[in-house]
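Source file: protein.cif. Holds: mmCIF, C-alpha atoms and all ligand atoms.
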data_final
#
loop_
_atom_site.label_atom_id
_atom_site.label_comp_id
_atom_site.auth_asym_id
_atom_site.auth_seq_id
_atom_site.Cartn_x
_atom_site.Cartn_y
_atom_site.Cartn_z
CA MET A 1098 26.92 4.06 -4.40
CA GLU A 1099 25.04 6.96 -2.83
CA LYS A 1100 22.75 7.37 -5.82
CA TYR A 1101 21.84 3.66 -5.65
CA GLN A 1102 21.04 3.76 -1.93
CA LYS A 1103 17.34 4.47 -2.54
CA LEU A 1104 17.12 1.36 -4.74
CA LEU A 1105 19.20 -1.02 -2.65
CA PRO A 1106 17.98 -3.02 0.35
CA PHE A 1107 17.90 -0.84 3.48
CA SER A 1108 20.80 -2.76 5.06
CA ALA A 1109 23.14 -2.22 2.08
CA SER A 1110 26.52 -0.72 2.92
CA ILE A 1111 30.11 -0.70 1.83
CA GLY A 1112 32.32 -2.99 3.86
CA LYS A 1113 35.91 -2.51 4.99
CA THR A 1114 37.12 -4.06 1.72
CA GLY A 1115 35.20 -1.46 -0.27
CA GLU A 1116 32.77 -4.12 -1.49
CA LEU A 1117 28.98 -4.26 -1.33
CA GLU A 1118 27.49 -5.71 1.83
CA ILE A 1119 23.89 -6.57 2.70
CA ALA A 1120 22.99 -6.90 6.38
CA GLY A 1121 26.74 -6.98 7.07
CA HIS A 1122 27.38 -9.90 4.69
CA ASN A 1123 29.94 -9.51 1.92
CA VAL A 1124 28.03 -10.04 -1.36
CA ARG A 1125 31.11 -11.30 -3.25
CA GLU A 1126 31.68 -13.99 -0.63
CA LEU A 1127 28.01 -14.99 -0.79
CA ALA A 1128 28.23 -15.26 -4.59
CA GLU A 1129 31.37 -17.40 -4.29
CA LYS A 1130 29.68 -19.70 -1.82
CA TRP A 1131 26.23 -19.99 -3.41
CA GLY A 1132 27.06 -19.43 -7.08
CA THR A 1133 25.51 -17.00 -9.56
CA PRO A 1134 22.99 -15.88 -10.56
CA LEU A 1135 22.14 -15.40 -6.92
CA TYR A 1136 19.09 -13.72 -5.43
CA ILE A 1137 19.22 -12.10 -2.02
CA TYR A 1138 16.37 -10.87 0.18
CA ASP A 1139 17.06 -8.45 2.99
CA GLY A 1140 14.93 -9.24 6.06
CA ILE A 1141 15.35 -5.71 7.43
CA THR A 1142 13.85 -4.09 4.33
CA LEU A 1143 10.83 -6.35 4.31
CA LYS A 1144 10.13 -5.89 8.01
CA GLU A 1145 10.56 -2.11 7.89
CA LYS A 1146 8.33 -1.81 4.83
CA ILE A 1147 5.56 -3.80 6.48
CA ASP A 1148 5.85 -1.85 9.73
CA SER A 1149 5.85 1.49 7.94
CA LEU A 1150 2.78 0.61 5.87
CA TYR A 1151 0.83 -0.47 8.97
CA LYS A 1152 1.88 2.81 10.58
CA LEU A 1153 0.73 4.82 7.55
CA GLY A 1154 -2.59 3.00 7.55
CA ALA A 1155 -3.11 3.80 11.22
CA GLU A 1156 -2.17 7.45 10.70
CA GLU A 1157 -4.16 8.11 7.54
CA TYR A 1158 -7.25 5.92 7.83
CA LYS A 1159 -9.90 6.31 10.52
CA GLY A 1160 -11.23 2.77 10.16
CA LYS A 1161 -9.52 -0.59 10.52
CA PHE A 1162 -6.59 -1.25 8.22
CA ASP A 1163 -4.84 -4.38 7.05
CA ILE A 1164 -2.20 -5.56 4.60
CA THR A 1165 -2.26 -8.72 2.55
CA TYR A 1166 0.89 -9.53 0.59
CA ALA A 1167 0.31 -10.35 -3.10
CA SER A 1168 2.34 -13.53 -3.13
CA LYS A 1169 2.63 -13.63 -6.93
CA ALA A 1170 5.43 -11.06 -6.54
CA TYR A 1171 7.62 -13.75 -4.93
CA LEU A 1172 6.88 -16.76 -2.78
CA SER A 1173 8.80 -19.69 -1.40
CA LEU A 1174 8.21 -21.64 1.76
CA GLY A 1175 10.93 -19.91 3.77
CA PHE A 1176 9.88 -16.48 2.52
CA ALA A 1177 6.24 -17.20 3.39
CA ARG A 1178 7.29 -18.22 6.91
CA HIS A 1179 8.96 -14.84 7.40
CA LEU A 1180 5.91 -13.04 6.04
CA ALA A 1181 3.56 -14.99 8.28
CA SER A 1182 5.66 -14.03 11.30
CA LEU A 1183 5.55 -10.36 10.26
CA GLY A 1184 1.77 -10.29 10.66
CA VAL A 1185 0.50 -9.61 7.15
CA GLY A 1186 -2.21 -11.60 5.41
CA VAL A 1187 -1.58 -13.19 2.04
CA ASP A 1188 -3.25 -13.03 -1.37
CA VAL A 1189 -2.93 -16.24 -3.37
CA VAL A 1190 -4.06 -17.19 -6.87
CA SER A 1191 -3.40 -20.90 -7.14
CA LEU A 1192 -3.45 -24.19 -5.31
CA GLY A 1193 0.34 -24.07 -5.07
CA GLU A 1194 0.36 -20.63 -3.44
CA MET A 1195 -2.45 -21.69 -1.07
CA LYS A 1196 -0.56 -24.80 -0.03
CA ILE A 1197 2.70 -22.91 0.56
CA ALA A 1198 0.84 -20.31 2.62
CA GLY A 1199 -0.67 -23.08 4.74
CA MET A 1200 2.64 -24.91 5.15
CA ALA A 1201 4.31 -21.64 6.17
CA GLY A 1202 1.82 -21.16 9.00
CA PHE A 1203 -0.64 -18.66 7.58
CA PRO A 1204 -3.98 -19.44 9.20
CA PRO A 1205 -6.77 -19.62 6.60
CA GLU A 1206 -8.37 -16.49 8.08
CA ARG A 1207 -5.34 -14.53 6.76
CA VAL A 1208 -5.71 -15.82 3.20
CA HIS A 1209 -7.62 -14.41 0.21
CA LEU A 1210 -8.02 -16.44 -2.97
CA HIS A 1211 -7.89 -14.41 -6.17
CA GLY A 1212 -7.86 -15.35 -9.85
CA ASN A 1213 -9.98 -14.90 -12.96
CA ASN A 1214 -10.28 -18.61 -13.70
CA LYS A 1215 -9.97 -20.60 -10.48
CA SER A 1216 -10.30 -24.33 -10.95
CA GLU A 1217 -12.89 -26.44 -9.15
CA GLU A 1218 -10.01 -28.03 -7.23
CA GLU A 1219 -8.75 -24.62 -6.11
CA LEU A 1220 -12.21 -23.44 -5.07
CA GLU A 1221 -12.91 -26.67 -3.25
CA PHE A 1222 -9.58 -26.50 -1.41
CA ALA A 1223 -10.29 -22.90 -0.39
CA LEU A 1224 -13.77 -23.82 0.83
CA ASP A 1225 -12.53 -26.83 2.80
CA TRP A 1226 -9.59 -24.94 4.29
CA GLY A 1227 -11.84 -21.98 5.14
CA VAL A 1228 -9.92 -19.08 3.62
CA PHE A 1229 -11.04 -15.63 4.73
CA SER A 1230 -12.50 -14.79 1.34
CA ILE A 1231 -12.74 -16.05 -2.18
CA VAL A 1232 -12.55 -13.04 -4.45
CA VAL A 1233 -15.10 -13.74 -7.16
CA ASP A 1234 -14.17 -12.45 -10.61
CA SER A 1235 -17.26 -13.07 -12.79
CA LEU A 1236 -20.99 -13.79 -12.66
CA GLU A 1237 -20.32 -17.29 -13.97
CA GLU A 1238 -17.85 -17.95 -11.16
CA LEU A 1239 -20.40 -16.61 -8.68
CA ALA A 1240 -22.98 -19.14 -9.87
CA PHE A 1241 -20.43 -21.95 -9.83
CA LEU A 1242 -19.21 -21.11 -6.34
CA GLU A 1243 -22.76 -20.89 -5.00
CA GLU A 1244 -23.50 -24.34 -6.39
CA LEU A 1245 -20.24 -25.73 -4.95
CA ALA A 1246 -20.92 -24.23 -1.51
CA ALA A 1247 -24.48 -25.62 -1.57
CA ARG A 1248 -23.17 -29.05 -2.59
CA LYS A 1249 -20.70 -29.00 0.28
CA LYS A 1250 -23.24 -27.40 2.63
CA LYS A 1251 -20.65 -24.83 3.60
CA LYS A 1252 -21.38 -21.11 3.54
CA MET A 1253 -18.56 -19.22 1.84
CA GLN A 1254 -17.36 -15.73 2.66
CA ILE A 1255 -16.68 -13.76 -0.52
CA TRP A 1256 -15.52 -10.47 -1.98
CA LEU A 1257 -16.42 -9.38 -5.47
CA ARG A 1258 -13.64 -8.08 -7.70
CA ILE A 1259 -15.01 -5.17 -9.68
CA ALA A 1260 -13.54 -3.75 -12.89
CA PRO A 1261 -13.95 -0.06 -12.11
CA GLY A 1262 -13.19 1.22 -15.62
CA VAL A 1263 -10.24 3.26 -14.40
CA ASP A 1264 -7.19 3.83 -16.60
CA VAL A 1265 -3.72 4.15 -15.10
CA ASP A 1266 -0.46 5.40 -16.53
CA THR A 1267 1.65 2.25 -16.61
CA HIS A 1268 2.73 -0.39 -19.14
CA PRO A 1269 -0.37 -1.74 -20.96
CA TYR A 1270 0.36 -5.26 -19.66
CA LEU A 1271 0.26 -3.90 -16.11
CA GLN A 1272 -3.15 -2.22 -16.44
CA THR A 1273 -5.95 -4.25 -14.89
CA GLY A 1274 -8.79 -1.88 -13.98
CA HIS A 1275 -9.84 -0.65 -17.44
CA THR A 1276 -13.07 -1.69 -19.10
CA ALA A 1277 -11.33 -4.11 -21.53
CA SER A 1278 -9.45 -5.91 -18.72
CA LYS A 1279 -9.85 -9.66 -18.30
CA PHE A 1280 -10.09 -9.07 -14.55
CA GLY A 1281 -13.10 -8.16 -12.48
CA ILE A 1282 -16.84 -7.89 -12.94
CA PRO A 1283 -17.72 -5.07 -15.36
CA ILE A 1284 -19.87 -2.18 -14.18
CA PRO A 1285 -21.32 -0.59 -17.36
CA ASP A 1286 -23.93 -3.20 -18.31
CA GLY A 1287 -25.12 -3.72 -14.76
CA GLN A 1288 -23.16 -6.94 -14.11
CA ALA A 1289 -21.47 -5.62 -10.97
CA VAL A 1290 -24.73 -4.50 -9.34
CA ARG A 1291 -26.37 -7.78 -10.36
CA ALA A 1292 -23.50 -9.73 -8.78
CA ILE A 1293 -23.87 -7.84 -5.50
CA GLU A 1294 -27.63 -8.34 -5.41
CA TRP A 1295 -27.28 -12.03 -6.23
CA ALA A 1296 -24.61 -12.63 -3.58
CA LYS A 1297 -26.62 -10.70 -0.99
CA GLY A 1298 -29.59 -12.93 -1.59
CA SER A 1299 -27.65 -16.19 -1.61
CA GLU A 1300 -28.12 -18.80 1.10
CA TRP A 1301 -24.59 -20.12 0.54
CA LEU A 1302 -22.56 -16.99 -0.04
CA ASN A 1303 -21.72 -14.33 2.49
CA LEU A 1304 -20.71 -11.18 0.64
CA ILE A 1305 -18.54 -9.06 2.93
CA GLY A 1306 -16.41 -6.90 0.68
CA LEU A 1307 -15.60 -5.33 -2.64
CA HIS A 1308 -12.22 -5.40 -4.29
CA THR A 1309 -10.45 -3.80 -7.19
CA HIS A 1310 -6.89 -3.86 -8.45
CA ILE A 1311 -6.24 -1.24 -11.11
CA GLY A 1312 -2.72 -2.13 -12.18
CA SER A 1313 0.89 -2.26 -11.15
CA GLN A 1314 3.90 0.08 -10.95
CA ILE A 1315 1.57 3.07 -10.42
CA SER A 1316 2.90 6.37 -9.15
CA ASP A 1317 -0.20 8.57 -9.22
CA ALA A 1318 -2.75 7.95 -6.48
CA LYS A 1319 -5.68 9.73 -8.17
CA PRO A 1320 -6.89 6.67 -10.10
CA TYR A 1321 -7.20 4.85 -6.77
CA GLN A 1322 -9.62 7.53 -5.63
CA ARG A 1323 -11.71 7.10 -8.77
CA ALA A 1324 -11.74 3.33 -8.15
CA VAL A 1325 -12.86 3.78 -4.51
CA ARG A 1326 -15.67 6.12 -5.57
CA MET A 1327 -16.78 3.61 -8.20
CA LEU A 1328 -16.88 0.77 -5.65
CA LEU A 1329 -18.95 2.80 -3.21
CA LYS A 1330 -21.26 4.01 -5.98
CA ILE A 1331 -22.20 0.50 -7.07
CA ALA A 1332 -22.38 -0.67 -3.44
CA ALA A 1333 -24.94 2.07 -2.82
CA GLU A 1334 -26.84 1.21 -6.01
CA ALA A 1335 -27.18 -2.36 -4.77
CA ASP A 1336 -27.93 -1.20 -1.23
CA PHE A 1337 -24.88 -3.03 0.09
CA VAL A 1338 -22.78 -1.92 3.07
CA PRO A 1339 -19.31 -3.47 2.67
CA GLN A 1340 -17.39 -4.60 5.72
CA GLN A 1341 -14.19 -4.49 3.69
CA ILE A 1342 -12.92 -2.50 0.76
CA SER A 1343 -9.71 -3.49 -0.95
CA THR A 1344 -8.05 -1.36 -3.58
CA GLY A 1345 -5.54 -4.12 -4.34
CA GLY A 1346 -1.87 -3.37 -4.71
CA GLY A 1347 -0.05 -1.63 -7.50
CA TRP A 1348 2.01 1.09 -5.86
CA GLY A 1349 5.23 1.56 -7.80
CA VAL A 1350 8.89 1.40 -6.86
CA LEU A 1351 12.12 2.84 -8.21
CA TYR A 1352 14.22 0.80 -10.59
CA ARG A 1353 16.80 3.44 -11.52
CA PRO A 1354 18.33 6.32 -9.57
CA GLU A 1355 16.73 8.79 -12.00
CA ASP A 1356 13.18 7.40 -11.51
CA LYS A 1357 10.70 9.81 -9.91
CA GLU A 1358 10.18 9.00 -6.24
CA THR A 1359 6.81 7.55 -5.32
CA LYS A 1360 5.38 8.54 -1.96
CA GLU A 1361 3.49 5.70 -0.38
CA ARG A 1362 1.88 8.15 2.02
CA ASP A 1363 0.08 9.68 -1.01
CA TRP A 1364 -1.23 6.25 -1.93
CA VAL A 1365 -2.57 5.43 1.52
CA ALA A 1366 -3.80 8.96 2.28
CA MET A 1367 -5.66 9.40 -0.98
CA VAL A 1368 -7.38 6.01 -0.75
CA ALA A 1369 -8.27 6.79 2.86
CA ASP A 1370 -9.61 10.26 2.02
CA ALA A 1371 -11.83 8.91 -0.75
CA LEU A 1372 -13.23 6.28 1.59
CA HIS A 1373 -13.80 8.80 4.38
CA GLU A 1374 -15.66 11.12 2.00
CA GLU A 1375 -17.76 8.50 0.21
CA CYS A 1376 -18.79 6.71 3.40
CA ALA A 1377 -19.68 10.00 5.10
CA ALA A 1378 -21.81 10.99 2.09
CA LEU A 1379 -23.63 7.64 2.10
CA GLY A 1380 -23.93 7.43 5.89
CA TYR A 1381 -22.00 4.13 5.80
CA PRO A 1382 -19.72 2.99 8.63
CA LEU A 1383 -16.08 2.89 7.56
CA PRO A 1384 -15.18 -0.52 6.17
CA GLN A 1385 -11.86 -2.15 6.90
CA LEU A 1386 -9.38 -0.99 4.26
CA VAL A 1387 -7.20 -3.78 2.90
CA LEU A 1388 -4.17 -3.02 0.75
CA GLU A 1389 -2.52 -5.80 -1.23
CA PRO A 1390 0.97 -4.72 -2.17
CA GLY A 1391 3.32 -7.11 -3.90
CA ARG A 1392 5.99 -5.11 -5.71
CA TRP A 1393 6.12 -2.28 -3.16
CA LEU A 1394 6.82 -4.73 -0.33
CA THR A 1395 9.41 -6.96 -1.95
CA ALA A 1396 11.11 -5.29 -4.93
CA GLN A 1397 13.62 -3.23 -2.95
CA ALA A 1398 14.27 -6.06 -0.51
CA GLY A 1399 15.65 -8.14 -3.38
CA LEU A 1400 19.00 -8.00 -5.12
CA ALA A 1401 20.06 -10.08 -8.13
CA VAL A 1402 23.77 -10.89 -8.47
CA TYR A 1403 25.29 -11.98 -11.79
CA ARG A 1404 28.81 -12.79 -12.92
CA VAL A 1405 30.23 -11.06 -15.98
CA GLY A 1406 31.19 -13.34 -18.87
CA PHE A 1407 32.32 -12.30 -22.34
CA GLN A 1408 32.20 -8.82 -23.83
CA LYS A 1409 32.17 -7.50 -27.37
CA LYS A 1410 31.66 -4.36 -29.43
CA SER A 1411 28.90 -4.61 -32.01
CA ARG A 1412 29.42 -3.18 -35.50
CA GLU A 1413 27.31 -0.20 -34.41
CA GLY A 1414 29.79 0.44 -31.63
CA ILE A 1415 27.53 -0.85 -28.85
CA HIS A 1416 29.48 -2.34 -25.98
CA VAL A 1417 27.84 -5.64 -25.03
CA VAL A 1418 28.55 -7.20 -21.64
CA ALA A 1419 27.07 -10.66 -21.04
CA VAL A 1420 26.22 -12.06 -17.61
CA ASP A 1421 25.39 -15.58 -16.50
CA GLY A 1422 21.65 -15.02 -16.03
CA GLY A 1423 19.02 -13.12 -17.98
CA MET A 1424 15.47 -13.63 -19.13
CA ALA A 1425 15.16 -17.06 -17.50
CA ASP A 1426 15.47 -15.55 -14.01
CA ASN A 1427 14.18 -12.08 -14.95
CA PRO A 1428 11.72 -11.97 -17.85
CA ARG A 1429 10.54 -8.44 -16.98
CA PRO A 1430 12.73 -6.50 -19.44
CA ALA A 1431 11.59 -8.78 -22.29
CA MET A 1432 7.92 -8.83 -21.21
CA TYR A 1433 7.37 -5.28 -20.04
CA GLN A 1434 10.36 -3.34 -21.37
CA ALA A 1435 11.22 -2.96 -17.69
CA VAL A 1436 14.25 -0.83 -16.91
CA TYR A 1437 16.87 -1.42 -14.24
CA SER A 1438 20.20 -0.17 -13.02
CA ALA A 1439 23.36 -2.00 -11.99
CA LEU A 1440 26.51 -1.60 -9.95
CA VAL A 1441 29.69 -3.59 -9.53
CA VAL A 1442 29.71 -5.64 -6.33
CA GLU A 1443 33.48 -5.43 -5.80
CA ARG A 1444 33.63 -1.68 -6.58
CA PRO A 1445 30.24 -0.09 -5.86
CA MET A 1446 31.91 3.32 -5.50
CA ALA A 1447 33.66 3.16 -8.90
CA LYS A 1448 32.61 5.92 -11.31
CA PRO A 1449 30.70 4.79 -14.40
CA ILE A 1450 32.80 5.44 -17.50
CA GLN A 1451 30.82 3.69 -20.21
CA LYS A 1452 27.34 2.83 -21.43
CA VAL A 1453 26.87 -0.88 -22.04
CA ASN A 1454 24.11 -3.25 -23.02
CA LEU A 1455 24.01 -5.73 -20.17
CA VAL A 1456 22.71 -8.87 -21.81
CA GLY A 1457 21.75 -12.32 -20.61
CA LYS A 1458 23.02 -15.67 -21.81
CA TYR A 1459 19.79 -17.00 -23.33
CA CYS A 1460 19.03 -17.55 -27.00
CA GLU A 1461 16.76 -14.58 -27.61
CA THR A 1462 17.65 -11.21 -29.07
CA GLY A 1463 15.30 -9.73 -26.47
CA ASP A 1464 17.39 -11.14 -23.63
CA VAL A 1465 18.79 -7.74 -22.70
CA LEU A 1466 18.69 -7.11 -18.95
CA ILE A 1467 19.56 -3.41 -19.24
CA ALA A 1468 20.10 -1.46 -22.44
CA GLY A 1469 22.54 1.44 -22.13
CA VAL A 1470 23.38 1.09 -18.46
CA GLU A 1471 26.25 3.18 -17.12
CA LEU A 1472 29.00 1.05 -15.64
CA PRO A 1473 32.62 1.35 -14.61
CA GLU A 1474 35.07 -0.82 -16.49
CA VAL A 1475 34.27 -4.50 -15.92
CA LYS A 1476 36.11 -7.70 -16.75
CA ARG A 1477 35.21 -11.35 -16.97
CA GLY A 1478 34.52 -12.71 -13.47
CA ASP A 1479 33.34 -9.40 -11.96
CA LEU A 1480 30.02 -9.42 -10.13
CA ILE A 1481 27.11 -7.20 -11.09
CA ALA A 1482 24.33 -6.35 -8.62
CA MET A 1483 20.90 -5.41 -9.96
CA PRO A 1484 18.79 -3.65 -7.32
CA SER A 1485 14.97 -3.73 -7.05
CA ALA A 1486 15.03 -7.40 -8.02
CA GLY A 1487 12.62 -8.77 -5.43
CA ALA A 1488 9.31 -8.71 -7.31
CA TYR A 1489 8.02 -10.56 -10.39
CA GLN A 1490 11.43 -11.91 -11.34
CA LEU A 1491 11.88 -15.28 -9.70
CA SER A 1492 8.12 -15.81 -9.51
CA MET A 1493 8.05 -15.50 -13.32
CA ALA A 1494 11.34 -17.34 -13.86
CA SER A 1495 11.53 -20.18 -16.35
CA ASN A 1496 13.79 -23.03 -17.33
CA TYR A 1497 14.34 -21.58 -20.80
CA ASN A 1498 17.37 -23.22 -22.43
CA MET A 1499 17.09 -25.68 -19.51
CA ALA A 1500 18.37 -23.04 -17.15
CA ALA A 1501 18.41 -23.89 -13.46
CA ARG A 1502 16.54 -21.42 -11.28
CA PRO A 1503 18.98 -19.55 -8.99
CA ALA A 1504 19.59 -19.98 -5.30
CA VAL A 1505 17.78 -17.49 -3.05
CA LEU A 1506 19.06 -16.27 0.31
CA TRP A 1507 17.39 -14.44 3.19
CA LEU A 1508 19.85 -12.24 5.05
CA GLU A 1509 19.68 -10.77 8.49
CA PRO A 1510 22.58 -9.42 10.52
CA GLY A 1511 24.53 -12.49 11.64
CA SER A 1512 22.49 -15.04 9.68
CA VAL A 1513 22.17 -16.37 6.15
CA GLU A 1514 19.21 -18.60 5.36
CA LEU A 1515 18.80 -20.52 2.13
CA LEU A 1516 15.24 -19.86 0.94
CA GLN A 1517 15.51 -21.74 -2.33
CA LYS A 1518 18.38 -23.99 -3.30
CA ARG A 1519 19.76 -23.66 -6.80
CA GLU A 1520 17.70 -25.92 -9.01
CA ASP A 1521 19.43 -29.11 -9.97
CA PRO A 1522 18.71 -29.78 -13.65
CA SER A 1523 18.53 -33.48 -12.90
CA ASP A 1524 15.48 -32.78 -10.65
CA ALA A 1525 13.62 -31.23 -13.56
CA GLY A 1526 11.05 -33.38 -15.33
CA TRP A 1527 12.65 -33.31 -18.77
CA TRP A 1528 15.81 -35.05 -17.57
CA VAL A 1529 13.81 -37.94 -16.21
CA ASP A 1530 12.72 -40.69 -18.56
CA ALA A 1531 8.93 -40.27 -18.52
CA GLN A 1532 8.30 -43.83 -19.72
C1 LIG B 1601 -5.43 -8.87 -7.18
C2 LIG B 1601 -4.06 -8.33 -7.05
N1 LIG B 1601 -3.72 -7.72 -5.92
C3 LIG B 1601 -2.48 -7.23 -5.74
C4 LIG B 1601 -1.52 -7.35 -6.73
C5 LIG B 1601 -0.16 -6.80 -6.47
O1 LIG B 1601 0.24 -5.81 -7.35
P1 LIG B 1601 1.60 -5.07 -7.09
O2 LIG B 1601 2.66 -6.08 -7.03
O3 LIG B 1601 1.75 -4.15 -8.22
O4 LIG B 1601 1.47 -4.34 -5.78
C6 LIG B 1601 -1.85 -7.96 -7.94
C7 LIG B 1601 -0.86 -8.06 -9.01
O5 LIG B 1601 -1.07 -8.51 -10.10
C8 LIG B 1601 -3.16 -8.47 -8.10
O6 LIG B 1601 -3.51 -9.08 -9.22
#
Rewritten as structure tokens:
Amino acid sequence: MEKYQKLLPFSASIGKTGELEIAGHNVRELAEKWGTPLYIYDGITLKEKIDSLYKLGAEEYKGKFDITYASKAYLSLGFARHLASLGVGVDVVSLGEMKIAGMAGFPPERVHLHGNNKSEEELEFALDWGVFSIVVDSLEELAFLEELAARKKKKMQIWLRIAPGVDVDTHPYLQTGHTASKFGIPIPDGQAVRAIEWAKGSEWLNLIGLHTHIGSQISDAKPYQRAVRMLLKIAAEADFVPQQISTGGGWGVLYRPEDKETKERDWVAMVADALHEECAALGYPLPQLVLEPGRWLTAQAGLAVYRVGFQKKSREGIHVVAVDGGMADNPRPAMYQAVYSALVVERPMAKPIQKVNLVGKYCETGDVLIAGVELPEVKRGDLIAMPSAGAYQLSMASNYNMAARPAVLWLEPGSVELLQKREDPSDAGWWVDAQ
């Protein structure tokens, strides 16, 4: 259990029965009550992570500092309510996310609208609601938004998302700041400078900041410094003094005990240092620094719980253990070759004695949750906990094989709140006669 502590929610412990507890709640009992697969969020982890990041920002950065949560990592109404009460802003990329943020009590001034292909409906909603900024992703979008704002006679506050041409060491599908990325306004052919100059001169757009997001699951802070320097370089070229600079999210987390620890202080300090230096060199006042973590805020707060089903030995001698979830609730292993670890809920202290392929129940060969994970002996009916399950799992979940999305709980000491009820297949569109 000790070696998993750095992956598990902060409130994880072993109860009197020797079983895994989160915030003092017995995980086996929760699984019996709510069924499996079950997802659990630990309120303590989320709160402490937010508090510690605000503290780091205040310690490392000399200007104003803020956090907006990248809601694509996980969002539901109840979760958004907790986030809103914890003081962070929110980054949204769709009408659905905007509406949930609003329903949860986020004031529009705490909302940023991102996306590389926002619809007219989404832009119009954002304009009408008065979000803090629309983060413009291309010159064509800039022209469209200007026309929309003029039509509605409403001046719109914007950031420009710049593609800084910075490579990062992460899975290719998680890189977003390189020159071939679909995200952001490219720098090399002058598009970024043109966008700034255009927005500055617009009657209907109020350019206040520059943004970049270079990728996800990053553990080296140096590329962030290169991105900051790039943003300030093009700002200076266009004679623009940004009120805000956002380097997006992307800071990585641990998925296995053997993963190299990432120090979030490095992330914040190195971004801050680059901003201090560049602004001093240009004689610019320090802009507000806005970080947009998704994974770093929510991954560790989340725990996925599965029930073991049937087991077999393959002809190659591989021990296969199947659980009652898989790629429908967690597509990350199949999409990104993501790696995880696991422990047994009823016996978290038990010594691993075997390497198994922990597989899902869905009809894809790629539905392997963890290949070669070390586990103690397990039998049908045992419960498996997968730590670091709070980001990009449920938000990417599907109904593949007509799977029902799992129930999601929010735990605090003394209280269990249902964030998402287990999907009822009869609610899903394909069970309803569409005629
Ligand atoms: C614009 C933007 N900001 C922030 C994030 C959050 O990234 P992460 O979850 O890696 O922190 C993303 C993720 O795709 C993003 O696209």
I'd like the contact shell of range 1326-1334 of chain A - 10 Å cut-off, only C-alpha atoms, skipping same-chain residues fewer than 3 positions apart - returned as a short mmCIF file (atom, residue, chain, number, x, y, z; two decimals) with C-alpha atoms, in the coordinates of the input.
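Dumped to selection13.cif:
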data_model
loop_
_atom_site.label_atom_id
_atom_site.label_comp_id
_atom_site.auth_asym_id
_atom_site.auth_seq_id
_atom_site.Cartn_x
_atom_site.Cartn_y
_atom_site.Cartn_z
CA ARG A 1258 -13.64 -8.08 -7.70
CA ILE A 1259 -15.01 -5.17 -9.68
CA ALA A 1260 -13.54 -3.75 -12.89
CA PRO A 1261 -13.95 -0.06 -12.11
CA GLY A 1262 -13.19 1.22 -15.62
CA VAL A 1263 -10.24 3.26 -14.40
CA ILE A 1284 -19.87 -2.18 -14.18
CA GLY A 1287 -25.12 -3.72 -14.76
CA ALA A 1289 -21.47 -5.62 -10.97
CA VAL A 1290 -24.73 -4.50 -9.34
CA ARG A 1291 -26.37 -7.78 -10.36
CA ILE A 1293 -23.87 -7.84 -5.50
CA GLU A 1294 -27.63 -8.34 -5.41
CA GLY A 1306 -16.41 -6.90 0.68
CA LEU A 1307 -15.60 -5.33 -2.64
CA HIS A 1308 -12.22 -5.40 -4.29
CA THR A 1309 -10.45 -3.80 -7.19
CA PRO A 1320 -6.89 6.67 -10.10
CA TYR A 1321 -7.20 4.85 -6.77
CA GLN A 1322 -9.62 7.53 -5.63
CA ARG A 1323 -11.71 7.10 -8.77
CA PHE A 1337 -24.88 -3.03 0.09
CA VAL A 1338 -22.78 -1.92 3.07
CA PRO A 1339 -19.31 -3.47 2.67
CA ILE A 1342 -12.92 -2.50 0.76
CA SER A 1343 -9.71 -3.49 -0.95
CA THR A 1344 -8.05 -1.36 -3.58
CA VAL A 1368 -7.38 6.01 -0.75
CA ALA A 1371 -11.83 8.91 -0.75
CA LEU A 1372 -13.23 6.28 1.59
CA GLU A 1374 -15.66 11.12 2.00
CA GLU A 1375 -17.76 8.50 0.21
CA CYS A 1376 -18.79 6.71 3.40
CA LEU A 1379 -23.63 7.64 2.10
CA TYR A 1381 -22.00 4.13 5.80
#
### Task
Do a neighbour search on Leu1515 in chain A at 7 Å with only C-alpha atoms, toss out local chain neighbours closer than 2 positions, and write the hits as a PyMOL selection string.
chain A and resi 1505-1507+1513+1517-1518
### Task
Select the residues contacting ligand LIG 1601 (chain B) at a distance of at most 10 Å, based on only C-alpha atoms and all ligand atoms, then format the selection as a ChimeraX atom specification.
/A:1165-1171,1187-1190,1209-1213,1232,1258,1271-1273,1280-1281,1308-1315,1343-1350,1388-1396,1488-1489
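The shortest atom-to-atom distance to Glu1509 in chain A, with only C-alpha atoms taken into account, belongs to A:Gly1140 out of A:Pro1428, A:Gly1406, A:Gly1112, A:Gly1140.
With distances restricted to all atoms listed in the file, A:Met1483 is the closest residue to Gly1423 in chain A from A:Met1483, A:Pro1283, A:Asp1148, A:Pro1445.
With distances restricted to only C-alpha atoms, A:Leu1127 is the closest residue to Val1402 in chain A from A:Val1233, A:Ala1377, A:Leu1127, A:Ala1366.
Taking only C-alpha atoms into account, Gly1511 in chain A lies nearest to A:Ala1120 out of the set A:Ile1481, A:Leu1153, A:Ala1120, A:Leu1105.
Using all atoms listed in the file, the shortest contact distance between Ala1240 in chain A and any of A:Ala1292, A:Met1446, A:Ala1501, A:Val1465 is found at A:Ala1292.
Distances to Leu1383 in chain A were evaluated for A:His1416, A:Asn1454, A:Lys1159, A:Asn1498 using all atoms listed in the file, and the minimum falls at A:Lys1159.
CA of Ile1119 in chain A is positioned 22.6 Å from CA of Ile1467 in chain A.
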Please report, as a Markdown table, each residue of range 1284-1308 of chain A lying at most 10 Å from range 1226-1230 of chain A, together with the nearest pair of atoms and the separation in Å rounded to one decimal; use all atoms listed in the file, and order rows by chain and ascending residue number.
| residue | atom | partner | partner_atom | distance |
| --- | --- | --- | --- | --- |
| A:Asn1303 | CA | A:Ser1230 | CA | 9.3 |
| A:Leu1304 | CA | A:Ser1230 | CA | 9.0 |
| A:Ile1305 | CA | A:Ser1230 | CA | 8.5 |
| A:Gly1306 | CA | A:Ser1230 | CA | 8.8 |
